>>> print(open('run21.json').read())   # JSON, C-alpha atoms and all ligand atoms
[["chain", "number", "residue", "atom", "x", "y", "z"],
["G", 368, "MET", "CA", 0.00, 0.00, 0.00],
["G", 369, "SER", "CA", 1.41, 3.39, -0.96],
["G", 370, "SER", "CA", 1.95, 6.09, 1.65],
["G", 371, "VAL", "CA", -0.89, 8.07, 0.06],
["G", 372, "ALA", "CA", -3.24, 5.12, 0.41],
["G", 373, "GLU", "CA", -2.15, 4.72, 4.03],
["G", 374, "ALA", "CA", -2.77, 8.42, 4.68],
["G", 375, "ALA", "CA", -6.19, 8.24, 3.02],
["G", 376, "ALA", "CA", -7.10, 5.21, 5.13],
["G", 377, "ARG", "CA", -6.54, 7.01, 8.43],
["G", 378, "SER", "CA", -9.45, 7.86, 10.64],
["G", 379, "TRP", "CA", -11.72, 10.76, 9.69],
["G", 380, "GLY", "CA", -10.65, 12.51, 12.86],
["G", 381, "ARG", "CA", -7.00, 12.46, 11.92],
["G", 382, "ILE", "CA", -7.60, 13.55, 8.34],
["G", 383, "TYR", "CA", -10.26, 16.22, 8.77],
["G", 384, "PHE", "CA", -9.96, 17.47, 12.35],
["G", 385, "ASN", "CA", -6.26, 17.98, 13.00],
["G", 386, "ALA", "CA", -4.78, 21.33, 14.08],
["G", 387, "LEU", "CA", -4.19, 22.37, 10.47],
["G", 388, "ALA", "CA", -7.88, 21.98, 9.69],
["G", 389, "ILE", "CA", -9.09, 24.28, 12.50],
["G", 390, "PRO", "CA", -8.92, 27.50, 10.40],
["G", 391, "PHE", "CA", -10.60, 25.67, 7.50],
["G", 392, "TRP", "CA", -13.60, 24.64, 9.58],
["G", 393, "GLY", "CA", -13.53, 27.95, 11.46],
["G", 394, "VAL", "CA", -14.13, 29.86, 8.22],
["G", 395, "HIS", "CA", -16.99, 27.48, 7.35],
["G", 396, "VAL", "CA", -18.60, 28.14, 10.74],
["G", 397, "LEU", "CA", -18.10, 31.89, 10.32],
["G", 398, "ALA", "CA", -19.83, 31.74, 6.91],
["G", 399, "ILE", "CA", -22.83, 29.74, 8.16],
["G", 400, "VAL", "CA", -23.30, 31.55, 11.48],
["G", 401, "GLY", "CA", -22.61, 34.89, 9.79],
["G", 402, "ILE", "CA", -25.35, 34.32, 7.20],
["G", 403, "ALA", "CA", -27.73, 33.33, 10.00],
["G", 404, "ILE", "CA", -26.95, 36.61, 11.79],
["G", 405, "THR", "CA", -26.90, 38.99, 8.80],
["G", 406, "GLY", "CA", -29.64, 37.18, 6.87],
["G", 407, "PHE", "CA", -29.42, 36.47, 3.17],
["G", 408, "SER", "CA", -28.40, 39.52, 1.17],
["G", 409, "TRP", "CA", -28.04, 40.03, -2.57],
["G", 410, "TRP", "CA", -25.39, 42.67, -1.82],
["G", 411, "GLY", "CA", -23.58, 40.10, 0.26],
["G", 412, "ALA", "CA", -23.82, 37.48, -2.50],
["G", 413, "ALA", "CA", -22.50, 40.02, -5.02],
["G", 414, "LEU", "CA", -19.60, 40.86, -2.71],
["G", 415, "ALA", "CA", -18.78, 37.17, -2.23],
["G", 416, "LEU", "CA", -18.71, 36.62, -6.00],
["G", 417, "ALA", "CA", -16.73, 39.82, -6.64],
["G", 418, "LEU", "CA", -14.00, 38.44, -4.41],
["G", 419, "TYR", "CA", -14.47, 34.85, -5.61],
["G", 420, "TRP", "CA", -13.50, 35.35, -9.25],
["G", 421, "PRO", "CA", -10.13, 37.08, -8.64],
["G", 422, "ARG", "CA", -9.19, 34.40, -6.11],
["G", 423, "MET", "CA", -10.17, 31.66, -8.52],
["G", 424, "PHE", "CA", -8.05, 33.27, -11.21],
["G", 425, "PHE", "CA", -5.00, 33.15, -8.96],
["G", 426, "VAL", "CA", -5.55, 29.46, -8.22],
["G", 427, "THR", "CA", -5.84, 28.48, -11.84],
["G", 428, "GLY", "CA", -3.72, 31.16, -13.55],
["G", 429, "ALA", "CA", -0.93, 31.19, -10.95],
["G", 430, "TYR", "CA", -0.74, 27.97, -8.89],
["G", 431, "HIS", "CA", -1.87, 25.71, -11.70],
["G", 432, "ARG", "CA", -0.96, 27.10, -15.10],
["G", 433, "TYR", "CA", 2.17, 29.02, -14.07],
["G", 434, "PHE", "CA", 3.84, 27.35, -11.09],
["G", 435, "SER", "CA", 2.79, 23.76, -11.79],
["G", 436, "HIS", "CA", 2.98, 23.71, -15.60],
["G", 437, "ARG", "CA", 4.97, 26.79, -16.65],
["G", 438, "SER", "CA", 2.51, 27.40, -19.45],
["G", 439, "TYR", "CA", 3.65, 31.01, -19.88],
["G", 440, "LYS", "CA", 6.47, 33.33, -18.83],
["G", 441, "THR", "CA", 6.58, 36.44, -16.69],
["G", 442, "SER", "CA", 8.96, 38.67, -14.76],
["G", 443, "ARG", "CA", 10.31, 37.86, -11.32],
["G", 444, "TRP", "CA", 8.28, 40.61, -9.62],
["G", 445, "PHE", "CA", 5.02, 39.65, -11.31],
["G", 446, "GLN", "CA", 5.71, 36.02, -10.50],
["G", 447, "PHE", "CA", 5.70, 37.07, -6.84],
["G", 448, "VAL", "CA", 2.46, 38.99, -7.33],
["G", 449, "LEU", "CA", 0.90, 35.84, -8.80],
["G", 450, "ALA", "CA", 2.12, 33.76, -5.86],
["G", 451, "LEU", "CA", 0.93, 36.32, -3.31],
["G", 452, "GLY", "CA", -2.51, 36.54, -4.92],
["G", 453, "ALA", "CA", -2.81, 32.76, -4.86],
["G", 454, "THR", "CA", -1.97, 32.55, -1.14],
["G", 455, "LEU", "CA", -5.07, 34.72, -0.54],
["G", 456, "THR", "CA", -7.04, 31.58, -1.37],
["G", 457, "ALA", "CA", -5.63, 29.76, 1.68],
["G", 458, "GLN", "CA", -4.61, 26.64, -0.25],
["G", 459, "LYS", "CA", -1.09, 26.49, 1.13],
["G", 460, "GLY", "CA", 2.02, 27.89, -0.51],
["G", 461, "PRO", "CA", 2.99, 28.07, -4.20],
["G", 462, "LEU", "CA", 5.81, 25.52, -3.97],
["G", 463, "TRP", "CA", 3.70, 23.07, -1.93],
["G", 464, "TRP", "CA", 0.77, 23.40, -4.32],
["G", 465, "ALA", "CA", 2.77, 23.00, -7.52],
["G", 466, "ALA", "CA", 4.99, 20.19, -6.20],
["G", 467, "HIS", "CA", 1.91, 18.19, -5.18],
["G", 468, "HIS", "CA", 0.16, 18.92, -8.44],
["G", 469, "ARG", "CA", 3.11, 17.66, -10.48],
["G", 470, "MET", "CA", 2.82, 14.37, -8.60],
["G", 471, "HIS", "CA", -0.85, 14.21, -9.60],
["G", 472, "HIS", "CA", 0.10, 14.32, -13.27],
["G", 473, "LYS", "CA", 2.99, 11.93, -12.88],
["G", 474, "LEU", "CA", 0.81, 9.17, -11.38],
["G", 475, "SER", "CA", -2.66, 10.33, -12.37],
["G", 476, "ASP", "CA", -5.31, 7.94, -11.05],
["G", 477, "GLN", "CA", -2.60, 5.34, -10.40],
["G", 478, "PRO", "CA", -1.42, 4.17, -6.96],
["G", 479, "GLY", "CA", 0.60, 7.03, -5.47],
["G", 480, "ASP", "CA", -1.53, 9.82, -7.01],
["G", 481, "LEU", "CA", -1.96, 12.21, -4.09],
["G", 482, "HIS", "CA", -5.62, 12.93, -4.71],
["G", 483, "SER", "CA", -7.25, 10.38, -6.97],
["G", 484, "VAL", "CA", -11.00, 9.92, -6.74],
["G", 485, "VAL", "CA", -10.48, 6.55, -8.44],
["G", 486, "GLN", "CA", -7.88, 5.35, -5.93],
["G", 487, "GLN", "CA", -8.95, 6.94, -2.65],
["G", 488, "GLY", "CA", -12.56, 8.02, -3.06],
["G", 489, "PHE", "CA", -14.44, 11.30, -3.29],
["G", 490, "TRP", "CA", -13.83, 12.98, 0.08],
["G", 491, "TRP", "CA", -10.10, 12.31, 0.15],
["G", 492, "SER", "CA", -9.67, 13.64, -3.41],
["G", 493, "HIS", "CA", -11.94, 16.62, -2.69],
["G", 494, "MET", "CA", -10.33, 17.90, 0.52],
["G", 495, "GLY", "CA", -8.88, 15.13, 2.69],
["G", 496, "TRP", "CA", -5.50, 15.29, 0.99],
["G", 497, "ILE", "CA", -5.12, 19.05, 1.54],
["G", 498, "LEU", "CA", -6.29, 18.91, 5.17],
["G", 499, "SER", "CA", -4.34, 15.82, 6.17],
["G", 500, "ASN", "CA", -1.14, 16.62, 8.01],
["G", 501, "ASP", "CA", 0.46, 13.56, 6.39],
["G", 502, "LEU", "CA", 1.01, 15.56, 3.19],
["G", 503, "GLU", "CA", 2.02, 18.81, 4.83],
["G", 504, "ASP", "CA", 5.67, 18.91, 3.70],
["G", 505, "THR", "CA", 6.89, 20.40, 0.42],
["G", 506, "ASP", "CA", 9.06, 18.14, -1.74],
["G", 507, "TYR", "CA", 11.45, 20.80, -3.04],
["G", 508, "SER", "CA", 13.07, 18.33, -5.44],
["G", 509, "ARG", "CA", 9.85, 18.45, -7.48],
["G", 510, "ILE", "CA", 9.83, 22.22, -7.73],
["G", 511, "LYS", "CA", 13.52, 23.13, -8.06],
["G", 512, "ASP", "CA", 12.76, 25.58, -10.85],
["G", 513, "PHE", "CA", 10.87, 27.88, -8.45],
["G", 514, "ALA", "CA", 12.39, 26.85, -5.11],
["G", 515, "LYS", "CA", 15.54, 28.75, -6.10],
["G", 516, "TYR", "CA", 13.72, 32.05, -5.43],
["G", 517, "PRO", "CA", 14.01, 32.98, -1.73],
["G", 518, "GLU", "CA", 10.88, 35.14, -1.82],
["G", 519, "LEU", "CA", 8.83, 32.16, -3.00],
["G", 520, "ARG", "CA", 10.33, 29.92, -0.31],
["G", 521, "TRP", "CA", 9.40, 32.55, 2.28],
["G", 522, "LEU", "CA", 5.84, 32.78, 0.99],
["G", 523, "ASN", "CA", 5.64, 29.01, 0.88],
["G", 524, "LYS", "CA", 6.49, 28.89, 4.58],
["G", 525, "TYR", "CA", 4.21, 31.73, 5.70],
["G", 526, "TRP", "CA", 1.38, 31.03, 3.26],
["G", 527, "MET", "CA", -1.33, 31.59, 5.84],
["G", 528, "LEU", "CA", -0.35, 35.20, 6.61],
["G", 529, "PRO", "CA", -1.79, 36.83, 3.43],
["G", 530, "ALA", "CA", -5.09, 34.99, 3.88],
["G", 531, "ILE", "CA", -5.34, 36.11, 7.51],
["G", 532, "ALA", "CA", -4.46, 39.66, 6.46],
["G", 533, "ALA", "CA", -7.21, 39.54, 3.82],
["G", 534, "GLY", "CA", -9.74, 38.63, 6.51],
["G", 535, "VAL", "CA", -8.57, 41.40, 8.84],
["G", 536, "ILE", "CA", -8.55, 44.04, 6.08],
["G", 537, "THR", "CA", -12.00, 42.98, 4.88],
["G", 538, "PHE", "CA", -13.30, 43.40, 8.44],
["G", 539, "LEU", "CA", -11.62, 46.79, 8.93],
["G", 540, "ILE", "CA", -13.07, 48.14, 5.68],
["G", 541, "GLY", "CA", -16.56, 46.67, 5.75],
["G", 542, "GLY", "CA", -17.20, 45.41, 9.28],
["G", 543, "PHE", "CA", -18.87, 42.11, 10.17],
["G", 544, "PHE", "CA", -21.07, 42.05, 7.04],
["G", 545, "ALA", "CA", -18.02, 42.24, 4.74],
["G", 546, "LEU", "CA", -16.13, 39.72, 6.86],
["G", 547, "VAL", "CA", -18.94, 37.19, 6.50],
["G", 548, "TRP", "CA", -19.71, 37.67, 2.80],
["G", 549, "GLY", "CA", -16.51, 39.07, 1.30],
["G", 550, "PHE", "CA", -14.16, 36.85, 3.25],
["G", 551, "ALA", "CA", -15.82, 33.74, 4.70],
["G", 552, "VAL", "CA", -18.54, 32.93, 2.15],
["G", 553, "SER", "CA", -16.24, 33.81, -0.75],
["G", 554, "GLN", "CA", -13.43, 31.72, 0.71],
["G", 555, "VAL", "CA", -15.63, 28.67, 1.27],
["G", 556, "LEU", "CA", -16.90, 28.88, -2.32],
["G", 557, "CYS", "CA", -13.34, 29.26, -3.61],
["G", 558, "TRP", "CA", -12.14, 26.23, -1.65],
["G", 559, "HIS", "CA", -14.89, 23.92, -2.83],
["G", 560, "GLY", "CA", -14.91, 25.34, -6.35],
["G", 561, "THR", "CA", -11.22, 24.53, -6.66],
["G", 562, "PHE", "CA", -11.58, 21.15, -5.00],
["G", 563, "THR", "CA", -14.10, 19.99, -7.62],
["G", 564, "ILE", "CA", -11.23, 19.72, -10.08],
["G", 565, "ASN", "CA", -9.58, 16.99, -8.04],
["G", 566, "SER", "CA", -12.82, 15.20, -7.23],
["G", 567, "LEU", "CA", -15.60, 15.78, -9.79],
["G", 568, "SER", "CA", -13.36, 16.46, -12.80],
["G", 569, "HIS", "CA", -12.12, 12.88, -12.65],
["G", 570, "LEU", "CA", -15.69, 11.62, -12.29],
["G", 571, "TRP", "CA", -18.30, 13.72, -14.11],
["G", 572, "GLY", "CA", -18.18, 14.72, -17.77],
["G", 573, "GLY", "CA", -17.08, 13.57, -21.22],
["G", 574, "ARG", "CA", -13.73, 12.28, -22.39],
["G", 575, "ARG", "CA", -12.48, 13.62, -25.72],
["G", 576, "TYR", "CA", -8.98, 12.20, -25.32],
["G", 577, "THR", "CA", -7.86, 8.71, -24.36],
["G", 578, "THR", "CA", -5.61, 9.79, -21.52],
["G", 579, "THR", "CA", -4.29, 7.19, -19.10],
["G", 580, "ASP", "CA", -6.40, 8.64, -16.27],
["G", 581, "ASP", "CA", -10.11, 9.29, -15.73],
["G", 582, "SER", "CA", -10.06, 13.05, -16.38],
["G", 583, "ARG", "CA", -13.26, 14.61, -17.78],
["G", 584, "ASN", "CA", -14.42, 17.69, -19.65],
["G", 585, "ASN", "CA", -17.35, 19.41, -17.99],
["G", 586, "PRO", "CA", -18.75, 22.85, -18.98],
["G", 587, "VAL", "CA", -20.39, 23.41, -15.57],
["G", 588, "LEU", "CA", -17.10, 22.86, -13.74],
["G", 589, "ALA", "CA", -15.32, 24.95, -16.38],
["G", 590, "PHE", "CA", -17.62, 27.87, -15.56],
["G", 591, "VAL", "CA", -17.17, 27.50, -11.79],
["G", 592, "THR", "CA", -13.38, 27.23, -12.06],
["G", 593, "MET", "CA", -12.68, 29.71, -14.86],
["G", 594, "GLY", "CA", -11.72, 27.02, -17.37],
["G", 595, "GLU", "CA", -10.26, 24.24, -15.26],
["G", 596, "GLY", "CA", -13.25, 21.99, -15.96],
["G", 597, "TRP", "CA", -11.77, 21.15, -19.37],
["G", 598, "HIS", "CA", -9.72, 18.73, -17.37],
["G", 599, "ASN", "CA", -9.50, 15.97, -19.95],
["G", 600, "ASN", "CA", -8.08, 18.51, -22.41],
["G", 601, "HIS", "CA", -5.60, 19.53, -19.74],
["G", 602, "HIS", "CA", -4.46, 15.97, -18.99],
["G", 603, "HIS", "CA", -4.03, 15.46, -22.74],
["G", 604, "TYR", "CA", -1.77, 18.49, -23.15],
["G", 605, "GLN", "CA", -0.70, 19.87, -19.81],
["G", 606, "VAL", "CA", 1.67, 22.63, -20.89],
["G", 607, "SER", "CA", -1.00, 24.65, -22.66],
["G", 608, "ALA", "CA", -1.99, 28.01, -21.16],
["G", 609, "ARG", "CA", -5.51, 27.44, -22.49],
["G", 610, "GLN", "CA", -7.60, 24.53, -21.30],
["G", 611, "GLY", "CA", -10.62, 25.24, -23.46],
["G", 612, "PHE", "CA", -9.17, 24.00, -26.73],
["G", 613, "PHE", "CA", -11.98, 25.37, -28.92],
["G", 614, "TRP", "CA", -13.58, 28.83, -29.00],
["G", 615, "TRP", "CA", -16.81, 27.50, -27.54],
["G", 616, "GLU", "CA", -15.05, 26.01, -24.52],
["G", 617, "LEU", "CA", -15.31, 28.84, -21.98],
["G", 618, "ASP", "CA", -11.92, 29.41, -20.34],
["G", 619, "CYS", "CA", -11.98, 32.71, -18.46],
["G", 620, "THR", "CA", -8.51, 32.21, -16.97],
["G", 621, "TYR", "CA", -7.11, 32.11, -20.49],
["G", 622, "TYR", "CA", -8.93, 35.32, -21.41],
["G", 623, "VAL", "CA", -7.39, 37.06, -18.37],
["G", 624, "LEU", "CA", -3.95, 35.72, -19.33],
["G", 625, "ARG", "CA", -4.45, 37.06, -22.85],
["G", 626, "ALA", "CA", -5.32, 40.46, -21.37],
["G", 627, "LEU", "CA", -2.22, 40.37, -19.15],
["G", 628, "ALA", "CA", -0.15, 39.44, -22.20],
["G", 629, "ALA", "CA", -1.63, 42.35, -24.15],
["G", 630, "VAL", "CA", -0.25, 44.80, -21.57],
["G", 631, "GLY", "CA", 3.09, 42.99, -21.35],
["G", 632, "LEU", "CA", 2.83, 41.53, -17.84],
["G", 633, "VAL", "CA", 3.08, 37.93, -19.11],
["G", 634, "TRP", "CA", 4.30, 36.50, -22.40],
["G", 635, "ASP", "CA", 4.99, 33.35, -24.41],
["G", 636, "LEU", "CA", 1.63, 31.75, -23.66],
["G", 637, "HIS", "CA", 1.93, 28.12, -24.69],
["G", 638, "GLY", "CA", -0.75, 27.20, -27.21],
["G", 639, "VAL", "CA", -2.20, 23.91, -28.43],
["G", 640, "PRO", "CA", -0.74, 22.63, -31.72],
["G", 641, "ASP", "CA", -3.47, 21.56, -34.13],
["G", 642, "HIS", "CA", -2.16, 17.99, -34.38],
["G", 643, "ILE", "CA", -2.34, 17.62, -30.59],
["G", 644, "ARG", "CA", -5.79, 19.15, -30.39],
["G", 645, "ASP", "CA", -7.21, 17.05, -33.21],
["G", 646, "SER", "CA", -5.82, 13.66, -32.26],
["G", 647, "THR", "CA", -7.16, 11.43, -29.53],
["G", 648, "THR", "CA", -4.68, 8.56, -29.82],
["G", 649, "GLU", "CA", -2.31, 7.27, -27.17],
["G", 650, "ALA", "CA", 0.66, 8.22, -29.35],
["G", 651, "GLU", "CA", -0.41, 11.84, -29.16],
["G", 652, "VAL", "CA", -0.81, 11.54, -25.42],
["G", 653, "ASP", "CA", 2.82, 10.41, -25.21],
["G", 654, "ALA", "CA", 3.88, 13.34, -27.37],
["G", 655, "ALA", "CA", 1.96, 15.69, -25.12],
["G", 656, "ALA", "CA", 3.49, 14.23, -21.97],
["G", 657, "SER", "CA", 6.98, 14.77, -23.31],
["G", 658, "ALA", "CA", 6.27, 18.49, -23.39],
["G", 659, "LEU", "CA", 6.02, 18.63, -19.58],
["G", 660, "PRO", "CA", 8.70, 20.55, -17.69],
["G", 661, "ASP", "CA", 11.47, 18.33, -16.36],
["G", 662, "VAL", "CA", 10.73, 17.97, -12.66],
["G", 663, "ALA", "CA", 12.84, 14.90, -11.90],
["P", 1, "ZN", "ZN", -2.37, 20.26, -14.07],
["P", 2, "ZN", "ZN", -6.38, 15.73, -12.84]]
>>> encode(input="run21.json", output="structure tokens")
Amino acid sequence: MSSVAEAAARSWGRIYFNALAIPFWGVHVLAIVGIAITGFSWWGAALALALYWPRMFFVTGAYHRYFSHRSYKTSRWFQFVLALGATLTAQKGPLWWAAHHRMHHKLSDQPGDLHSVVQQGFWWSHMGWILSNDLEDTDYSRIKDFAKYPELRWLNKYWMLPAIAAGVITFLIGGFFALVWGFAVSQVLCWHGTFTINSLSHLWGGRRYTTTDDSRNNPVLAFVTMGEGWHNNHHHYQVSARQGFFWWELDCTYYVLRALAAVGLVWDLHGVPDHIRDSTTEAEVDAAASALPDVA
């Protein structure tokens, strides 16, 4: 049994209710109790969504497409901005996130995949793996290309500080109402929206490409996650900055990246060659895999 399987087999208490998980559940309680106190509010819902979409962009545009897959280039200072923005989502640090994600692609849905719905079930793949203190350490050997930057190592260590600061600032600006809707409700939505990619996107949707895993394409999840729901496309060709391979596949993260490229903040967005996009064979999957950054 792999160490991941052993971790996933631990008691619910140890996985979901360890010290690391206290802030996670605390924000959930704040959201639920806060809504009960303030009552439902359309202004509150609008505020939650206004702060949801930027956070989601940083998860997908920064943690996933930049730090995990290097699907585009940017400057050192903007790279830090991307990392800082992504820590506001309270999903651990940039090096931890990307190093774990690279393992997901290396062993996708095979024994040893850190969050496989096929191997370890829904709840582990959805959030058990990120809450479990068994997977708390960062394997720097998997993320050497970014671990060489001291500012990223610092942020990786103190990843919780920006998220806490975001909560405090939200409260100072807008009081309890803003804390509940702009911070807590928005954060809970961002967590579970992101987590669907590891759970539902390997379970629910169509498969255009014969990848070696169970990844799916799902327009609903693509909307919720700003394009990440085209997950079968992504497993087929991981280095692409766009995950919606066709114009009708909504990929809002890619549109934001195009806008950032237009003003010169990012560049060299990796596209999808026609022969990769149009082929569904295993040979093309192998060709796509060879385009991954060397993380050995
Ligand atoms: Zn990926
Ligand atoms: Zn996946």
>>> closest_residue(input="run21.json", among="G:Asp635, G:Asp580, G:Asp501, G:Glu616", to="ligand ZN 2 (chain P)", atoms="all atoms listed in the file")
G:Asp580
>>> residues_near_ligand(input="run21.json", ligand="ligand ZN 2 (chain P)", cutoff="9 Å", atoms="only C-alpha atoms and all ligand atoms", output="VMD selection string")
chain G and resid 468 471 to 472 475 to 476 482 to 483 564 to 566 568 to 569 580 to 583 598 to 599 601 to 602
>>> atom_distance(input="run21.json", atom1="CA of Phe447 (chain G)", atom2="CA of Leu522 (chain G)")
8.9 Å
>>> atom_distance(input="run21.json", atom1="CA of Ala453 (chain G)", atom2="CA of Pro529 (chain G)")
9.3 Å
>>> closest_residue(input="run21.json", among="G:Asn585, G:Thr456, G:Ser408, G:Thr537", to="Trp597 (chain G)", atoms="only C-alpha atoms")
G:Asn585
>>> residues_around(input="run21.json", residues="Tyr433 (chain G)", least_positions_apart="3", cutoff="12 Å", atoms="all atoms listed in the file", output="ChimeraX atom specification")
/G:424-430,436-442,445-447,449-450,453,461-462,464-465,468-469,512-513,605-609,620-621,624,633-637,660
>>> closest_residue(input="run21.json", among="G:Leu474, G:Cys557, G:Ala398, G:Met494", to="ligand ZN 1 (chain P)", atoms="all atoms listed in the file")
G:Leu474
>>> atom_distance(input="run21.json", atom1="CA of Gly479 (chain G)", atom2="CA of Glu373 (chain G)")
10.2 Å
>>> closest_residue(input="run21.json", among="G:Ala457, G:Gly572, G:Leu567, G:Asn500", to="Pro390 (chain G)", atoms="all atoms listed in the file")
G:Ala457
>>> closest_residue(input="run21.json", among="G:Gln477, G:Asn600, G:Ser646, G:Ser370", to="ligand ZN 1 (chain P)", atoms="only C-alpha atoms and all ligand atoms")
G:Asn600
>>> closest_residue(input="run21.json", among="G:Tyr604, G:Phe543, G:Trp615, G:Trp571", to="ligand ZN 1 (chain P)", atoms="all atoms listed in the file")
G:Tyr604
>>> axis_aligned_box(input="run21.json", around="region 600-605 of chain G", padding_each_side="4 Å", output="JSON")
{"center_x": -4.4, "center_y": 17.7, "center_z": -21.1, "size_x": 15.4, "size_y": 12.4, "size_z": 12.2}
